[in-house]
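Reproduced below: input27.cif, with mmCIF, C-alpha atoms and all ligand atoms.
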data_work
loop_
_atom_site.label_atom_id
_atom_site.label_comp_id
_atom_site.auth_asym_id
_atom_site.auth_seq_id
_atom_site.Cartn_x
_atom_site.Cartn_y
_atom_site.Cartn_z
CA MET A 552 5.43 144.89 48.63
CA THR A 553 5.82 141.11 48.51
CA SER A 554 9.35 139.90 47.91
CA PRO A 555 9.80 138.12 44.55
CA ASP A 556 11.37 135.13 46.26
CA ARG A 557 8.25 134.25 48.27
CA PRO A 558 6.62 130.93 47.28
CA THR A 559 3.88 131.36 44.69
CA LEU A 560 0.28 130.22 44.76
CA GLY A 561 -1.49 129.79 41.43
CA VAL A 562 -5.09 131.07 41.46
CA GLY A 563 -7.93 129.86 39.24
CA LEU A 564 -10.86 132.29 38.97
CA ILE A 565 -14.26 130.85 38.03
CA GLY A 566 -16.58 133.57 36.67
CA HIS A 567 -15.60 137.00 35.40
CA SER A 568 -18.52 139.38 35.84
CA PHE A 569 -18.78 142.04 38.57
CA MET A 570 -17.39 139.86 41.37
CA GLY A 571 -14.77 138.26 39.10
CA ALA A 572 -13.48 141.73 38.24
CA ALA A 573 -13.48 142.83 41.89
CA HIS A 574 -11.55 139.71 42.92
CA SER A 575 -9.13 140.05 40.00
CA GLN A 576 -8.05 143.53 41.08
CA ALA A 577 -7.52 142.17 44.62
CA TRP A 578 -5.25 139.33 43.43
CA ARG A 579 -3.33 141.79 41.23
CA THR A 580 -2.99 144.54 43.83
CA ALA A 581 -2.44 142.75 47.15
CA PRO A 582 1.22 141.75 46.59
CA HIS A 583 2.12 145.31 45.55
CA PHE A 584 0.89 146.91 48.79
CA PHE A 585 1.24 144.14 51.38
CA ASP A 586 4.21 142.00 52.36
CA LEU A 587 2.55 138.62 51.80
CA PRO A 588 3.93 135.23 52.81
CA LEU A 589 2.75 133.79 49.45
CA ARG A 590 2.81 135.51 46.06
CA PRO A 591 -0.48 134.98 44.19
CA GLU A 592 -0.27 134.31 40.46
CA LEU A 593 -3.26 135.01 38.23
CA THR A 594 -2.91 131.64 36.52
CA VAL A 595 -6.23 130.92 34.85
CA LEU A 596 -9.70 132.40 34.39
CA ALA A 597 -12.65 130.14 33.55
CA GLY A 598 -15.78 131.19 31.69
CA ARG A 599 -18.18 129.18 29.51
CA ASP A 600 -17.89 131.35 26.43
CA ARG A 601 -14.31 131.29 25.08
CA GLU A 602 -14.44 134.68 23.40
CA ARG A 603 -15.84 136.49 26.43
CA ALA A 604 -13.50 134.64 28.79
CA THR A 605 -10.47 135.45 26.64
CA ASP A 606 -11.45 139.09 26.54
CA ALA A 607 -11.98 139.13 30.33
CA ALA A 608 -8.64 137.41 30.98
CA ALA A 609 -6.81 140.02 28.90
CA ARG A 610 -8.65 142.89 30.59
CA LEU A 611 -8.31 141.57 34.15
CA GLY A 612 -4.77 140.22 33.94
CA TRP A 613 -5.12 136.41 33.82
CA ALA A 614 -2.47 134.31 32.07
CA SER A 615 -4.72 131.66 30.50
CA VAL A 616 -8.32 130.63 29.92
CA GLU A 617 -10.44 127.50 30.40
CA THR A 618 -14.06 127.10 29.31
CA ASP A 619 -14.83 124.30 31.77
CA TRP A 620 -14.16 124.91 35.48
CA ARG A 621 -13.34 121.19 35.90
CA ARG A 622 -10.16 121.71 33.82
CA VAL A 623 -9.04 124.36 36.36
CA LEU A 624 -9.26 121.75 39.13
CA GLU A 625 -7.10 119.34 37.13
CA ARG A 626 -4.25 121.82 36.71
CA ASP A 627 -1.12 121.40 38.83
CA ASP A 628 -0.30 125.10 38.53
CA VAL A 629 -3.50 126.01 40.43
CA GLY A 630 -3.42 125.88 44.23
CA LEU A 631 -6.49 127.99 45.00
CA VAL A 632 -9.89 128.23 43.33
CA ASP A 633 -11.85 131.48 43.59
CA VAL A 634 -15.58 130.92 43.00
CA CYS A 635 -17.31 134.03 41.59
CA THR A 636 -20.25 132.36 39.84
CA PRO A 637 -23.99 132.59 40.63
CA GLY A 638 -25.06 130.75 43.78
CA ASP A 639 -26.50 127.67 42.07
CA THR A 640 -22.99 126.48 41.16
CA HIS A 641 -21.15 127.29 44.42
CA ALA A 642 -21.68 123.92 46.10
CA GLU A 643 -20.66 121.78 43.12
CA ILE A 644 -17.55 123.80 42.28
CA ALA A 645 -16.36 124.42 45.85
CA ILE A 646 -16.80 120.79 46.97
CA ALA A 647 -15.02 119.46 43.87
CA ALA A 648 -12.18 121.97 44.31
CA LEU A 649 -11.69 121.05 47.98
CA GLU A 650 -11.70 117.36 47.07
CA ALA A 651 -9.07 118.09 44.41
CA GLY A 652 -6.91 119.60 47.19
CA LYS A 653 -7.35 123.26 46.16
CA HIS A 654 -7.88 126.02 48.72
CA VAL A 655 -11.22 127.77 48.05
CA LEU A 656 -12.49 131.34 48.28
CA CYS A 657 -16.24 131.32 47.59
CA GLU A 658 -18.44 134.40 47.04
CA LYS A 659 -21.40 134.99 49.32
CA PRO A 660 -24.00 133.86 50.08
CA LEU A 661 -22.23 130.54 50.54
CA ALA A 662 -24.97 128.56 48.81
CA ASN A 663 -28.58 128.63 47.67
CA SER A 664 -29.86 126.45 50.52
CA VAL A 665 -28.94 125.23 53.99
CA ALA A 666 -28.55 121.68 52.64
CA GLU A 667 -25.93 122.84 50.11
CA ALA A 668 -24.16 124.97 52.71
CA GLU A 669 -24.05 121.96 55.06
CA ALA A 670 -22.47 119.79 52.37
CA MET A 671 -19.92 122.53 51.65
CA THR A 672 -19.08 122.92 55.32
CA GLU A 673 -18.58 119.17 55.70
CA ALA A 674 -16.29 119.19 52.65
CA ALA A 675 -14.39 122.16 54.09
CA GLU A 676 -13.90 120.38 57.41
CA ARG A 677 -12.66 117.21 55.70
CA ALA A 678 -10.29 119.31 53.57
CA ALA A 679 -9.01 121.30 56.57
CA ALA A 680 -7.84 118.02 58.11
CA ARG A 681 -5.58 117.72 55.03
CA GLY A 682 -4.37 121.34 55.30
CA VAL A 683 -6.70 122.63 52.56
CA ARG A 684 -8.34 125.96 53.54
CA SER A 685 -11.61 127.67 52.67
CA MET A 686 -13.20 131.06 53.16
CA VAL A 687 -16.54 132.68 52.25
CA GLY A 688 -16.36 136.19 50.78
CA PHE A 689 -18.14 138.43 53.26
CA THR A 690 -15.88 141.18 52.00
CA TYR A 691 -17.27 144.10 53.99
CA ARG A 692 -15.74 142.66 57.16
CA ARG A 693 -12.49 144.01 55.72
CA VAL A 694 -13.57 147.66 55.59
CA PRO A 695 -11.35 149.42 58.17
CA ALA A 696 -14.29 151.21 59.87
CA ILE A 697 -16.07 147.86 60.34
CA GLY A 698 -12.89 146.39 61.85
CA LEU A 699 -12.68 149.35 64.22
CA ALA A 700 -16.36 148.97 65.19
CA ARG A 701 -15.77 145.33 66.12
CA GLN A 702 -12.69 146.32 68.11
CA LEU A 703 -14.60 149.00 70.07
CA VAL A 704 -17.42 146.58 70.93
CA ALA A 705 -14.91 143.91 72.04
CA GLU A 706 -13.13 146.50 74.24
CA GLY A 707 -16.46 147.25 75.96
CA ARG A 708 -16.55 150.86 74.71
CA ILE A 709 -20.32 150.72 74.10
CA GLY A 710 -21.10 148.32 76.96
CA GLN A 711 -23.77 145.68 76.55
CA VAL A 712 -25.36 145.68 73.11
CA ARG A 713 -29.11 146.43 73.24
CA HIS A 714 -30.13 147.54 69.76
CA VAL A 715 -28.82 146.52 66.36
CA ARG A 716 -30.24 148.48 63.42
CA ALA A 717 -29.09 147.33 60.02
CA GLN A 718 -30.04 148.33 56.49
CA TYR A 719 -28.61 147.46 53.10
CA LEU A 720 -30.19 149.83 50.60
CA GLN A 721 -29.71 149.83 46.82
CA ASP A 722 -31.95 151.05 43.99
CA TRP A 723 -30.70 149.34 40.82
CA ILE A 724 -34.02 147.62 40.03
CA ALA A 725 -36.41 150.27 41.34
CA ASP A 726 -37.27 151.00 37.69
CA PRO A 727 -39.75 148.30 36.54
CA SER A 728 -38.17 148.38 33.07
CA ALA A 729 -34.77 147.28 34.43
CA PRO A 730 -34.11 143.92 32.72
CA MET A 731 -34.15 140.42 34.15
CA SER A 732 -30.85 139.09 35.47
CA TRP A 733 -29.77 135.88 37.18
CA ARG A 734 -30.00 137.75 40.49
CA LEU A 735 -33.81 137.80 40.01
CA GLU A 736 -34.13 134.06 39.36
CA LYS A 737 -34.59 131.84 42.41
CA ASP A 738 -33.02 128.75 40.82
CA LYS A 739 -29.81 130.73 40.12
CA ALA A 740 -29.59 133.15 43.05
CA GLY A 741 -31.42 131.26 45.80
CA SER A 742 -33.20 134.42 46.95
CA GLY A 743 -33.29 138.11 46.06
CA ALA A 744 -32.31 141.09 48.18
CA LEU A 745 -32.34 138.70 51.14
CA GLY A 746 -29.39 136.54 50.07
CA ASP A 747 -27.58 139.05 47.89
CA ILE A 748 -27.37 141.95 50.33
CA GLY A 749 -29.31 140.86 53.45
CA ALA A 750 -26.64 138.17 53.95
CA HIS A 751 -24.02 140.92 54.27
CA ILE A 752 -25.82 142.77 57.08
CA VAL A 753 -26.52 139.55 58.95
CA ASP A 754 -22.82 138.70 58.76
CA LEU A 755 -21.65 142.24 59.55
CA THR A 756 -23.85 142.74 62.60
CA GLN A 757 -22.78 139.35 63.98
CA TYR A 758 -19.14 140.20 63.25
CA ILE A 759 -19.32 143.61 64.92
CA THR A 760 -21.20 142.44 68.01
CA GLY A 761 -19.52 139.03 68.35
CA GLU A 762 -23.03 137.62 68.84
CA THR A 763 -25.33 135.51 66.67
CA VAL A 764 -28.90 135.95 65.48
CA THR A 765 -31.06 133.46 67.37
CA GLY A 766 -34.51 134.12 65.87
CA VAL A 767 -36.34 136.26 63.34
CA SER A 768 -39.77 137.48 62.30
CA ALA A 769 -39.91 138.50 58.67
CA LEU A 770 -41.68 140.01 55.69
CA LEU A 771 -40.61 139.47 52.08
CA GLU A 772 -42.10 141.35 49.12
CA THR A 773 -41.69 141.31 45.36
CA PHE A 774 -42.85 144.63 43.92
CA VAL A 775 -42.19 143.98 40.22
CA LYS A 776 -43.11 140.45 39.18
CA GLU A 777 -42.35 140.58 35.43
CA ARG A 778 -39.38 142.25 33.75
CA PRO A 779 -38.15 142.62 30.17
CA LEU A 780 -35.68 139.94 29.13
CA PRO A 781 -32.18 141.20 28.33
CA ALA A 782 -31.36 141.20 24.61
CA ALA A 783 -27.80 139.89 24.94
CA ALA A 784 -27.30 136.26 24.06
CA GLY A 785 -25.03 134.37 26.46
CA SER A 786 -26.25 136.47 29.36
CA LEU A 787 -25.92 134.79 32.74
CA SER A 788 -29.66 135.15 33.22
CA GLY A 789 -30.12 132.18 30.93
CA VAL A 790 -33.38 133.77 29.79
CA ALA A 791 -32.18 136.29 27.22
CA GLY A 792 -34.60 136.98 24.39
CA GLU A 793 -37.79 138.84 23.64
CA GLY A 794 -40.71 139.53 25.94
CA THR A 795 -40.68 139.37 29.70
CA GLY A 796 -39.47 136.98 32.37
CA ARG A 797 -40.89 136.22 35.79
CA VAL A 798 -39.09 137.53 38.88
CA THR A 799 -39.00 134.61 41.30
CA VAL A 800 -37.18 136.21 44.25
CA ASP A 801 -37.90 138.85 46.86
CA ASP A 802 -37.28 142.51 46.02
CA THR A 803 -37.05 143.36 49.70
CA ALA A 804 -36.61 141.58 53.02
CA VAL A 805 -37.54 143.25 56.29
CA PHE A 806 -37.11 141.39 59.54
CA LEU A 807 -36.81 141.63 63.29
CA GLY A 808 -34.21 139.59 65.09
CA ARG A 809 -32.89 138.64 68.49
CA PHE A 810 -29.18 138.35 69.24
CA SER A 811 -27.56 135.79 71.53
CA GLY A 812 -26.49 138.49 74.03
CA GLY A 813 -30.05 139.80 74.48
CA ALA A 814 -30.06 142.62 71.91
CA VAL A 815 -33.05 143.18 69.62
CA ALA A 816 -32.51 143.99 65.96
CA THR A 817 -34.16 145.32 62.83
CA PHE A 818 -32.90 144.40 59.38
CA GLU A 819 -33.92 145.82 56.01
CA ALA A 820 -32.50 144.76 52.63
CA THR A 821 -33.86 146.30 49.46
CA ARG A 822 -32.96 147.20 45.89
CA PHE A 823 -35.86 149.68 45.72
CA ALA A 824 -34.57 152.49 47.97
CA LEU A 825 -34.42 155.19 45.27
CA GLY A 826 -31.36 157.34 45.69
CA ARG A 827 -29.51 154.84 47.92
CA LYS A 828 -26.83 153.14 45.86
CA ASN A 829 -24.88 150.98 48.28
CA ALA A 830 -25.96 152.23 51.69
CA ILE A 831 -24.98 149.65 54.30
CA ARG A 832 -26.12 151.40 57.44
CA ILE A 833 -25.46 149.84 60.78
CA GLU A 834 -26.13 151.38 64.16
CA VAL A 835 -25.46 149.61 67.42
CA ASN A 836 -26.66 151.05 70.72
CA GLY A 837 -25.12 149.67 73.88
CA SER A 838 -25.44 150.42 77.60
CA ALA A 839 -22.39 152.73 77.47
CA GLY A 840 -22.36 154.16 73.96
CA SER A 841 -23.32 153.82 70.31
CA LEU A 842 -21.67 153.21 66.94
CA ALA A 843 -22.95 154.10 63.47
CA PHE A 844 -21.61 153.28 60.00
CA ASP A 845 -22.78 154.02 56.46
CA PHE A 846 -20.90 152.47 53.54
CA GLU A 847 -21.69 155.53 51.41
CA ASP A 848 -19.29 157.35 53.77
CA MET A 849 -17.14 154.29 54.33
CA ASN A 850 -14.02 155.92 55.78
CA VAL A 851 -16.00 157.18 58.77
CA LEU A 852 -17.22 155.49 61.95
CA GLU A 853 -19.48 157.47 64.25
CA PHE A 854 -19.00 156.90 67.97
CA PHE A 855 -21.06 158.19 70.89
CA ASP A 856 -19.42 157.81 74.28
CA GLY A 857 -22.17 157.67 76.91
CA GLY A 858 -19.60 158.40 79.63
CA GLU A 859 -18.97 161.97 78.50
CA PRO A 860 -20.71 164.88 80.28
CA ALA A 861 -24.08 165.52 78.59
CA GLU A 862 -23.09 169.15 77.87
CA VAL A 863 -20.29 168.12 75.54
CA ALA A 864 -21.35 164.60 74.51
CA GLY A 865 -22.33 163.90 70.94
CA PHE A 866 -21.66 161.52 68.08
CA ARG A 867 -18.17 162.09 66.77
CA ARG A 868 -16.96 161.20 63.33
CA ILE A 869 -13.82 159.11 63.50
CA LEU A 870 -11.97 159.29 60.20
CA VAL A 871 -10.78 155.69 59.94
CA THR A 872 -7.65 156.45 57.93
CA GLU A 873 -4.93 156.39 60.61
CA PRO A 874 -2.05 153.93 60.24
CA GLY A 875 -3.18 152.34 63.53
CA HIS A 876 -6.57 151.43 62.03
CA PRO A 877 -7.09 147.94 60.53
CA TYR A 878 -5.27 147.48 57.16
CA VAL A 879 -4.67 151.22 56.67
CA SER A 880 -0.90 151.34 57.18
CA ALA A 881 -0.35 149.53 53.87
CA TRP A 882 -2.02 152.34 51.93
CA TRP A 883 -2.06 156.14 51.90
CA PRO A 884 -1.17 158.84 54.42
CA ALA A 885 -3.91 159.65 57.00
CA GLY A 886 -7.01 161.25 55.54
CA HIS A 887 -6.62 159.94 52.00
CA GLY A 888 -9.26 157.22 52.29
CA LEU A 889 -10.04 153.81 50.82
CA GLY A 890 -12.81 152.54 48.52
CA TYR A 891 -15.03 149.55 47.68
CA GLU A 892 -12.21 147.53 46.11
CA HIS A 893 -9.93 147.63 49.15
CA GLY A 894 -12.16 145.20 51.09
CA PHE A 895 -11.50 142.58 48.41
CA THR A 896 -7.76 143.21 48.58
CA HIS A 897 -7.77 142.83 52.37
CA GLN A 898 -9.74 139.60 51.97
CA VAL A 899 -6.97 138.16 49.80
CA VAL A 900 -4.33 139.34 52.28
CA ASP A 901 -6.06 137.60 55.20
CA LEU A 902 -6.67 134.43 53.18
CA LEU A 903 -3.06 134.10 52.01
CA THR A 904 -1.76 134.85 55.50
CA ALA A 905 -3.92 132.10 57.02
CA ILE A 906 -2.91 129.60 54.33
CA ALA A 907 0.79 130.31 54.94
CA LYS A 908 0.32 129.97 58.72
CA GLN A 909 -1.60 126.74 58.19
CA GLU A 910 -4.60 128.20 59.99
CA ASP A 911 -8.28 128.19 59.06
CA PRO A 912 -9.26 131.61 57.71
CA THR A 913 -12.48 133.41 58.68
CA PRO A 914 -15.25 133.77 57.75
CA SER A 915 -15.25 129.99 57.35
CA PHE A 916 -17.77 127.90 55.44
CA ALA A 917 -19.29 127.13 58.85
CA ASP A 918 -19.83 130.89 59.30
CA GLY A 919 -21.42 130.98 55.84
CA LEU A 920 -23.70 128.09 56.82
CA GLN A 921 -24.80 129.90 59.98
CA VAL A 922 -25.77 132.98 57.91
CA GLN A 923 -27.59 130.65 55.49
CA ARG A 924 -29.61 129.32 58.43
CA VAL A 925 -30.65 132.87 59.32
CA LEU A 926 -31.70 133.49 55.69
CA GLU A 927 -33.73 130.30 55.63
CA ALA A 928 -35.39 131.21 58.93
CA VAL A 929 -36.36 134.57 57.38
CA GLU A 930 -37.95 132.77 54.42
CA ARG A 931 -39.80 130.35 56.68
CA SER A 932 -41.07 133.16 58.89
CA ALA A 933 -42.26 135.21 55.90
CA ALA A 934 -43.99 132.20 54.34
CA ALA A 935 -45.73 131.28 57.59
CA ASP A 936 -46.98 134.82 58.27
CA SER A 937 -46.76 133.55 61.83
CA VAL A 938 -46.61 136.82 63.71
CA TRP A 939 -48.47 138.93 61.18
CA THR A 940 -51.46 140.53 62.83
CA PRO A 941 -53.84 142.22 60.39
CA VAL A 942 -55.40 145.47 61.55
CA PRO A 943 -59.24 145.27 61.43
CA ALA A 944 -60.74 147.65 58.83
C1 LIG B 1001 -25.35 143.35 43.94
O1 LIG B 1001 -26.47 143.70 44.67
C2 LIG B 1001 -24.06 143.43 44.74
O2 LIG B 1001 -23.07 143.31 43.78
C3 LIG B 1001 -23.85 142.30 45.76
O3 LIG B 1001 -23.96 141.04 45.15
C4 LIG B 1001 -22.49 142.47 46.37
O4 LIG B 1001 -22.27 141.47 47.33
C5 LIG B 1001 -22.37 143.85 46.99
O5 LIG B 1001 -21.05 144.08 47.36
C6 LIG B 1001 -22.75 144.94 46.02
O6 LIG B 1001 -23.97 144.67 45.41
#
Step by step, read the file and then write its structure as structure tokens.
Ligand code: SOE
Amino acid sequence: MTSPDRPTLGVGLIGHSFMGAAHSQAWRTAPHFFDLPLRPELTVLAGRDRERATDAAARLGWASVETDWRRVLERDDVGLVDVCTPGDTHAEIAIAALEAGKHVLCEKPLANSVAEAEAMTEAAERAAARGVRSMVGFTYRRVPAIGLARQLVAEGRIGQVRHVRAQYLQDWIADPSAPMSWRLEKDKAGSGALGDIGAHIVDLTQYITGETVTGVSALLETFVKERPLPAAAGSLSGVAGEGTGRVTVDDTAVFLGRFSGGAVATFEATRFALGRKNAIRIEVNGSAGSLAFDFEDMNVLEFFDGGEPAEVAGFRRILVTEPGHPYVSAWWPAGHGLGYEHGFTHQVVDLLTAIAKQEDPTPSFADGLQVQRVLEAVERSAAADSVWTPVPA
């Protein structure tokens, strides 16, 4: 619990859909479970449509509403801007906020292109020199089992990393009659499964291994090229109405990669894996052991210790709910487990702690830019078909 006499930090949230709601619960909850050096205040929520924004503010706990994000930046009672809008607006909002002296938390992927991510990183570096901090929201880093996996790799418990196997599997658009959304429009989202969920597994595998992806060979595919337009006016898709709209992003991204420490990797991101809802599956095989994680069983990390006698060796399920595990001591007694929303709460805790210590939080915008470079390399590789070898009929 955060003491009421801690200094406050006014937060301005831009966007109030799925991510806006997830971030709102984090800002609300964090001070009740963690002893924070700064007490966040849910000062203002911004959304273009006043009625919808007012309704969201009431539902999510925000004290006031603006319909233009620029007004949020002008307010003296806002010290931090939380960007939860589609990717096409990240660069403009985040750069303006940093220039206005506001700390920034920006949803992933950082931007829609490497050029935008570079401009954001430069702005972040200029701002950091003035004590203004920024972070990109690769939230899953804050799942306790992921934190433990990184710790075990760093301690050498699996030896040298040889294989990285990563999948992010969802199925919410497997049905061809699922409607258009901004996430299926390239000019809004930048890319499809690649940027939306592939970005997470690129970041997570780099975070766990402490290495970076140095090259890729990729395939992208769009299975359903036209979808019904959503009926609702004011939808973020910007294409609401009758008839169909064109899907301009990938439905799936599959790629091979090499890591800086010599490991080889396979990545798969799809929203067409029927039956898989939010399966982030990561397996890392090293010279001395292996680790495996699946977000659909997110309180568990599987560990194989290659040093054990073969007769008794085997993957063991570590229930990552002990007070000694990352973040867990603030929550429930051992065995009671955490959920999707806790990662967002931990993100806020780490961000506020770094701001109070006058340190740069991670993942930084530079980390977001590096992931953006991997995404762009995947797109270039897929477009070039450079290593694709057709099989003769
Ligand atoms: C949609 O695919 C989505 O909401 C992603 O955008 C999020 O980053 C992920 O946490 C869940 O799925």
Of the listed residues A:Ser732, A:Thr940, A:Ser664, A:Gln757, that which approaches ligand LIG 1001 (chain B) most closely, counting all atoms listed in the file: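 Smallest distance to ligand LIG 1001 (chain B) is found for A:Ser732.
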Assuming 5 Å of padding per side, give the centre and edge lengths of the axis-aligned box around every listed atom of ligand LIG 1001 (chain B), in Å to one decimal and as AutoDock Vina command-line options.
--center_x -23.8 --center_y 143.0 --center_z 45.6 --size_x 15.4 --size_y 13.9 --size_z 13.6
Identify, counting only C-alpha atoms and all ligand atoms, the protein, DNA and RNA residues located within 7 Å of ligand LIG 1001 (chain B), and give them as a JSON list (two decimals) with C-alpha atoms, in the coordinates of the input.
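So the final result, stored in pocket-v7.json, reads:
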[["chain", "number", "residue", "atom", "x", "y", "z"],
["A", 569, "PHE", "CA", -18.78, 142.04, 38.57],
["A", 659, "LYS", "CA", -21.40, 134.99, 49.32],
["A", 747, "ASP", "CA", -27.58, 139.05, 47.89],
["A", 748, "ILE", "CA", -27.37, 141.95, 50.33],
["A", 829, "ASN", "CA", -24.88, 150.98, 48.28]]
9 Å contact set for Ser568 of chain A, all atoms listed in the file, chain neighbours under 2 positions out, as a PyMOL selection string: chain A and resi 566+570-573+607+635-636
Shell of 6 Å around segment 685-700 of chain A, only C-alpha atoms, local chain residues under 3 positions omitted, as a ChimeraX atom specification: /A:654-659,703,852,871,877,894-895,897,914-916
Test item: residues at most 6 Å from Asp801 of chain A, all atoms listed in the file, excluding those fewer than 2 positions along its chain, as a PyMOL selection string: chain A and resi 743+771-773+803
Surrounding residues of Asp856 of chain A excluding itself and chain neighbours under 4 positions, 9 Å, all atoms listed in the file, as a list of chain:residue names: A:Arg708, A:Ile709, A:Ala839, A:Gly840, A:Ser841, A:Leu842, A:Ala864, A:Gly865, A:Phe866, A:Arg867
Nearby residues (only C-alpha atoms) at most 9 Å from Tyr719 of chain A, same-chain spacing under 4 positions excluded, as an MDAnalysis selection string: chainID A and resid 744 748:749 751:752 818:822 829:833
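Shortest separation to Thr618 of chain A among A:Ala604, A:Leu755, A:Val665, A:Ala647 occurs at residue A:Ala604, atoms counted being all atoms listed in the file.
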Closest-contact table, segment 681-707 of chain A side, partner segment 760-766 of chain A, 8 Å, counting all atoms listed in the file, as a Markdown table:
| residue | atom | partner | partner_atom | distance |
| --- | --- | --- | --- | --- |
| A:Arg701 | CA | A:Thr760 | CA | 6.4 |
| A:Val704 | CA | A:Thr760 | CA | 6.3 |
| A:Ala705 | CA | A:Thr760 | CA | 7.6 |
Test item: which residues lie within 10 Å of (-2.2, 136.3, 36.2) counting all atoms listed in the file, as JSON, numbers by chain: {"A": [561, 562, 563, 564, 575, 578, 579, 591, 592, 593, 594, 595, 596, 608, 609, 611, 612, 613, 614, 615]}
Dump of C-alpha atoms for the selected residues, as a short mmCIF file (atom, residue, chain, number, x, y, z; two decimals), keeping the file's coordinate frame:
data_model
loop_
_atom_site.label_atom_id
_atom_site.label_comp_id
_atom_site.auth_asym_id
_atom_site.auth_seq_id
_atom_site.Cartn_x
_atom_site.Cartn_y
_atom_site.Cartn_z
CA GLY A 561 -1.49 129.79 41.43
CA VAL A 562 -5.09 131.07 41.46
CA GLY A 563 -7.93 129.86 39.24
CA LEU A 564 -10.86 132.29 38.97
CA SER A 575 -9.13 140.05 40.00
CA TRP A 578 -5.25 139.33 43.43
CA ARG A 579 -3.33 141.79 41.23
CA PRO A 591 -0.48 134.98 44.19
CA GLU A 592 -0.27 134.31 40.46
CA LEU A 593 -3.26 135.01 38.23
CA THR A 594 -2.91 131.64 36.52
CA VAL A 595 -6.23 130.92 34.85
CA LEU A 596 -9.70 132.40 34.39
CA ALA A 608 -8.64 137.41 30.98
CA ALA A 609 -6.81 140.02 28.90
CA LEU A 611 -8.31 141.57 34.15
CA GLY A 612 -4.77 140.22 33.94
CA TRP A 613 -5.12 136.41 33.82
CA ALA A 614 -2.47 134.31 32.07
CA SER A 615 -4.72 131.66 30.50
#
Gap from atom CA of Arg924 of chain A to atom CA of Glu673 of chain A - Å, one decimal: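 Distance reported for this atom pair: 15.2 Å.
Ranking A:Pro884, A:Thr580, A:Glu853, A:Arg621 by their shortest atom-to-atom distance to Ile869 of chain A, with only C-alpha atoms included, puts A:Glu853 first.
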Between atom CA of Ile906 of chain A and atom CA of Leu631 of chain A - distance in Å to one decimal: 10.1 Å
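Distance check against Asp619 of chain A using only C-alpha atoms: of A:Val798, A:Val683, A:Ile644, A:Ala725, the minimum falls on A:Ile644.
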From A:Phe585, A:Phe810, A:Trp883, A:Tyr891, residue lying nearest Met849 of chain A [all atoms listed in the file]: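 Of A:Phe585, A:Phe810, A:Trp883, A:Tyr891, the one nearest Met849 of chain A is A:Tyr891, counting all atoms listed in the file.
Nearest to Pro582 of chain A of all the residues A:Ala791, A:Glu777, A:Glu930, A:Val899 is A:Val899, based on all atoms listed in the file.
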Two-atom distance - atom CA of Arg626 of chain A, atom CA of Ala651 of chain A (Å): 9.8 Å
At the level of N, CA and C atoms, write segment 582-593 of chain A to a file as a short mmCIF file (atom, residue, chain, number, x, y, z; two decimals), in the first residue's frame, please.
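File decode-v5.cif, as written:
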data_model
loop_
_atom_site.label_atom_id
_atom_site.label_comp_id
_atom_site.auth_asym_id
_atom_site.auth_seq_id
_atom_site.Cartn_x
_atom_site.Cartn_y
_atom_site.Cartn_z
N PRO A 582 -1.08 1.31 -6.58
CA PRO A 582 -0.79 1.89 -5.26
C PRO A 582 -1.46 1.16 -4.10
N HIS A 583 -2.43 0.31 -4.39
CA HIS A 583 -3.10 -0.42 -3.30
C HIS A 583 -2.32 -1.67 -2.90
N PHE A 584 -1.49 -2.20 -3.81
CA PHE A 584 -0.77 -3.45 -3.51
C PHE A 584 0.73 -3.24 -3.34
N PHE A 585 1.26 -2.15 -3.90
CA PHE A 585 2.70 -1.91 -3.84
C PHE A 585 2.97 -0.61 -3.08
N ASP A 586 4.10 -0.58 -2.39
CA ASP A 586 4.52 0.64 -1.71
C ASP A 586 5.32 1.47 -2.72
N LEU A 587 4.65 2.38 -3.39
CA LEU A 587 5.27 3.12 -4.50
C LEU A 587 5.86 4.44 -4.01
N PRO A 588 6.94 4.87 -4.65
CA PRO A 588 7.55 6.15 -4.27
C PRO A 588 6.74 7.36 -4.76
N LEU A 589 5.86 7.12 -5.74
CA LEU A 589 4.99 8.19 -6.26
C LEU A 589 3.57 7.63 -6.31
N ARG A 590 2.59 8.46 -5.99
CA ARG A 590 1.20 8.00 -6.01
C ARG A 590 0.54 8.47 -7.30
N PRO A 591 0.20 7.52 -8.21
CA PRO A 591 -0.41 7.94 -9.47
C PRO A 591 -1.84 8.43 -9.26
N GLU A 592 -2.20 9.50 -9.97
CA GLU A 592 -3.59 9.97 -9.95
C GLU A 592 -4.17 9.83 -11.34
N LEU A 593 -5.36 9.29 -11.45
CA LEU A 593 -6.00 9.11 -12.75
C LEU A 593 -6.66 10.44 -13.12
#
